[in-house]
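Undergrad: Have a look at the structure that comes next, please.
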Amino acid sequence: MDGTFNENDISHIVAADKAHVWHHLSQHKPYETSDPRIIVEGKGMRVWDQNGKEHLDAVSGGVWTVNVGYGRESIANAVRDQLLKVNYFAGSAGSIPGSVFAEKLIGKMPGLSRVYYLNTGSEANEKAFKMVRQIAHKKFGGTKHKILYRDRDYHGTTITCLSAGGQDERNLQYGPFTPGFVRVPHCLEYRKHEQDGAPVENYGEWAAEQIEQVVLREGPDTVGALCLEPVTAGGGVITPPEGYWQKVQEICDRYGILLHIDEVVCGIGRTGTWFGYQHYGVKPDMVTMAKGVASGYAAIACLVTTEEVFNLFKSDPTDKLDHFRDISTFGGCITGPVAALENMRIIEDEGLLDNCNAMGARMMDNLNAIKDKHAIVGDARGKGLFCGLELVKDRESKEPVEEAKVAAVVAECAAQGVLIGAANRSVPGYNNYLCFAPSLIATASDIDQITGTVDSALTKVFG
Ligand code: PLP
């Protein structure tokens with residue numbers, strides 16, 4: 001490779017990728033005998049690879065990000081105009097797009113009032129954890145510093161975010177971890193038989209009470225925050241059981257525990273409301289979001305808090321803890337809020353929340369029909385346009401299918417021109433979820449193409 005690239009010389013590009021690029025979350029051994037997929041173009045719901053093959057993207061850019069679809073000229077133009085006006089200034093100063101987007105965002109989040117700009121979901125969660133620790137020092141002499149997180153939830157890739165990670169397959173090789181993070185049980189009703197003492201009725205309340213048990217065991221005076229996904233995403237599309245969130249809110253109120261909701265996946269429309277927590281009537285103290293905020297047109301994440309939390313970071317400068325001594329060079333970089341603002345306008349003007357609800361309902365109907373047809377499907381779950389199928393060898397025992405079979409379904413769908421996702425492929429026993437999260441612009445025929453392809457791939461792999 002001499003570094004001179006002709007964009008049209010695809011074999012050169014593929015060779016350069018194979019020689020020099022280290023892909024995220026990927027085994028590279030297979031690329032000794034095959035080529036990685038290189039995405040060359042995107043428009044609407046579809047992307048094209050290096051061979052000109054068209055794919056219907058049922059996972060919004062692979063990790064549920066491109067909520068308004070590909071090729072949005074208005075976002076590209078807004079970003080370009082801003083770059084020419086002023087491309088950057090540190091987040092210690094304000095910016096016009098930063099102010100306008102913050103006001104607009106807060107308008108969608110009653111009860112919350114402050115936006116802290118960042119780049120990624122991990123970063124936003126990490127900053128929230130830092131805030132909890134600072135509050136513990138400032139208000140409680142350092143004692144109320146523990147952060148509870150839930151089995152199967154994921155909050156990001158840094159060592160501290162992994163310390164709050166409930167997906168062991170991502171954690172095993174990276175310890176030792178940051179102390180002060182404590183796990184609470186998952187709330188996946190379909191697998192309640194694996195949880196000691198889970199009742200037949202009122203599972204949601206019981207699952208929330210398990211959190212209270214952990215609070216009592218650790219000591220309420222030591223627990224500063226509870227961090228939860230509203231609908232667990234990568235941990236297997238876990239929609240919360242009836243009564244769960246109401247009880248969670250009661251527990252947080254009773255013990256003075258800050259409720260931190262991780263909306264990195266669900267935020268900005270993915271589940272049919274602006275935020276996932278808004279389905280369940282809870283009042284978070286802190287909310288983090290990233291992926292759909294600008295649909296991948298710019299890197300932006302936000303940590304949004306109540307005024308009460310904010311005020312804990314505002315005091316006389318003689319106080320050593322008078323402010324949040326934190327910065328991120330690119331957090332809030334001006335193009336982020338510009339893209340986010342236009343992204344939000346598109347969602348509103350095109351009625352994409354309504355579309356998400358309508359298409360999500362259609363997808364769930366189709367997935368339930370697939371479940372009726374294929375014994376291999378144990379459960380179909382979802383909220384808005386975030387849905388999944390859990391594959392089991394046997395509906396009685398609920399034993400998960402082999403990882404290789406899940407990979408074969410994903411590969412067969414890709415061969416048929418539809419990109420779908422699988423959750424937790426690397427965990428034996430918990431690699432058995434297929435995920436679907438198409439852009440919020442999906443039409444009925446897109447949804448039918450996705451589920452029709454899944455149906456055919458399941459027949460091909462499992463008979
Ligand atoms: N939180 C959740 C719920 C996620 O699913 C993810 C990423 O998939 C993250 C946080 C981390 O976000 P990022 O990859 O932008 O750091």
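Please note that chains go A, B, ... in the order of the structure tokens, that every chain numbers its residues from 1, and that ligands are numbered from 1 in the order shown.
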Which residues sit within 9 Å of ligand 1, counting only C-alpha atoms and all ligand atoms, listed as a PyMOL selection string?
TA: chain A and resi 63-64+119-125+153-158+161+228-235+262-266+288-291+299-301
Undergrad: Among range 133-296 of chain A, which ones does DSSP assign to alpha helix (DSSP H) (computed from the backbone)? Answer as number ranges by chain.
TA: A: 133-140, 159-163, 168-171, 203-218, 244-255
Undergrad: Excluding same-chain residues fewer than 4 positions from Gly296 in chain A, what lies within 8 Å of it counting only C-alpha atoms, as a VMD selection string?
TA: chain A and resid 65 to 66 291 to 292
Undergrad: Can you list, as a PyMOL selection string, every residue of range 283-387 of chain A that DSSP puts in strand (DSSP E or B)?
TA: chain A and resi 286-289+301-305+377-383+386-387
Undergrad: For range 339-355 of chain A, find every residue with an atom within 7 Å (counting only C-alpha atoms), except residues of its own chain fewer than 3 positions away, and show them as a PyMOL selection string.
TA: chain A and resi 68+75+78-79+101+269+272-273+293-295+297-298+335-336+358-359+440-441
Undergrad: Tell me which protein, DNA and RNA residues are within 10 Å of Gln449 in chain A, counting only C-alpha atoms, leaving out same-chain ones fewer than 5 positions away, and put them as a ChimeraX atom specification.
TA: /A:56,58,417-418,443-444,454-455
Undergrad: Print the selection's residues with N, CA and C atoms to a file, as a JSON list (two decimals), in the first residue's frame.
TA:
[["chain", "number", "residue", "atom", "x", "y", "z"],
["A", 56, "LEU", "N", -31.27, -3.60, 2.88],
["A", 56, "LEU", "CA", -32.25, -2.89, 3.71],
["A", 56, "LEU", "C", -31.69, -2.96, 5.13],
["A", 58, "ALA", "N", -31.95, -2.95, 8.79],
["A", 58, "ALA", "CA", -32.94, -3.10, 9.87],
["A", 58, "ALA", "C", -32.32, -2.81, 11.24],
["A", 417, "GLY", "N", -30.22, -9.65, 1.56],
["A", 417, "GLY", "CA", -30.27, -8.19, 1.43],
["A", 417, "GLY", "C", -30.90, -7.46, 2.60],
["A", 418, "VAL", "N", -30.94, -8.08, 3.78],
["A", 418, "VAL", "CA", -31.47, -7.38, 4.96],
["A", 418, "VAL", "C", -30.47, -7.51, 6.10],
["A", 443, "THR", "N", -41.27, 2.14, 6.18],
["A", 443, "THR", "CA", -42.64, 2.02, 5.65],
["A", 443, "THR", "C", -43.14, 0.60, 5.94],
["A", 444, "ALA", "N", -44.45, 0.40, 5.68],
["A", 444, "ALA", "CA", -45.03, -0.93, 5.90],
["A", 444, "ALA", "C", -44.31, -1.95, 5.03],
["A", 454, "VAL", "N", -36.66, -12.53, 7.64],
["A", 454, "VAL", "CA", -36.34, -13.27, 8.88],
["A", 454, "VAL", "C", -37.08, -14.62, 8.86],
["A", 455, "ASP", "N", -38.33, -14.58, 8.46],
["A", 455, "ASP", "CA", -39.14, -15.81, 8.37],
["A", 455, "ASP", "C", -38.43, -16.82, 7.46]]
Undergrad: Between CA of Ser95 in chain A and CA of Asp285 in chain A, what distance in Å does the model show, to one decimal?
TA: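 Taking CA of Ser95 in chain A and CA of Asp285 in chain A, their separation equals 25.0 Å.
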Undergrad: With distances taken over only C-alpha atoms, which of A:Asp319, A:Glu218, A:Asp81, A:Glu126 is nearest to Lys138 in chain A?
TA: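 Looking only at the distances to Lys138 in chain A, the closest residue turns out to be A:Asp319.
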Undergrad: What is the CA of Asp35 in chain A-CA of Ala414 in chain A distance in Å, reported with one decimal?
TA: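 These atoms are spaced 14.1 Å apart.
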Undergrad: Restricting the calculation to only C-alpha atoms, which member of A:Val461, A:Val377, A:Leu312, A:Leu112 is positioned closest to Lys139 in chain A?
TA: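 Selected residue with least distance to Lys139 in chain A: A:Leu312.
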Undergrad: Ile147 in chain A: which residues within 12 Å, counting only C-alpha atoms, same-chain residues fewer than 5 positions away excluded, as a count of residues only?
TA: 38
Undergrad: Could you tell me which of A:Asn51, A:Ser99, A:Ser113, A:Ser60 comes closest to Thr306 in chain A if we count only C-alpha atoms?
TA: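 Going through A:Asn51, A:Ser99, A:Ser113, A:Ser60 one by one, the smallest distance to Thr306 in chain A is for A:Ser113.
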Undergrad: Kindly give the distance, in Å, that separates CA of Asn432 in chain A and CA of Tyr174 in chain A, rounded to a single decimal.
TA: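 That distance, rounded to one decimal, is 23.7 Å.
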Undergrad: Do a neighbour search on Asp57 in chain A at 8 Å with only C-alpha atoms, toss out local chain neighbours closer than 6 positions, and write the hits as a PDB file with C-alpha atoms, in the first residue's frame.
TA:
ATOM      1  CA  MET A  45     -33.437   2.921   4.786  1.00  0.00           C
ATOM      2  CA  ARG A  46     -30.845   1.391   2.491  1.00  0.00           C
ATOM      3  CA  VAL A  47     -27.067   1.063   2.256  1.00  0.00           C
ATOM      4  CA  VAL A 418     -31.473  -7.380   4.961  1.00  0.00           C
ATOM      5  CA  LEU A 419     -29.094  -6.392   7.771  1.00  0.00           C
ATOM      6  CA  ILE A 420     -30.344  -7.510  11.181  1.00  0.00           C
ATOM      7  CA  PRO A 438     -34.934   0.101  11.611  1.00  0.00           C
TER       8      PRO A 438
END
Undergrad: Could you check the closest approach to Gln82 in chain A for each of A:Ile334, A:Ala19, A:Glu54, A:Val100 and tell me which residue wins, using only C-alpha atoms?
TA: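 Ranking A:Ile334, A:Ala19, A:Glu54, A:Val100 by distance to Gln82 in chain A, first place goes to A:Ile334.
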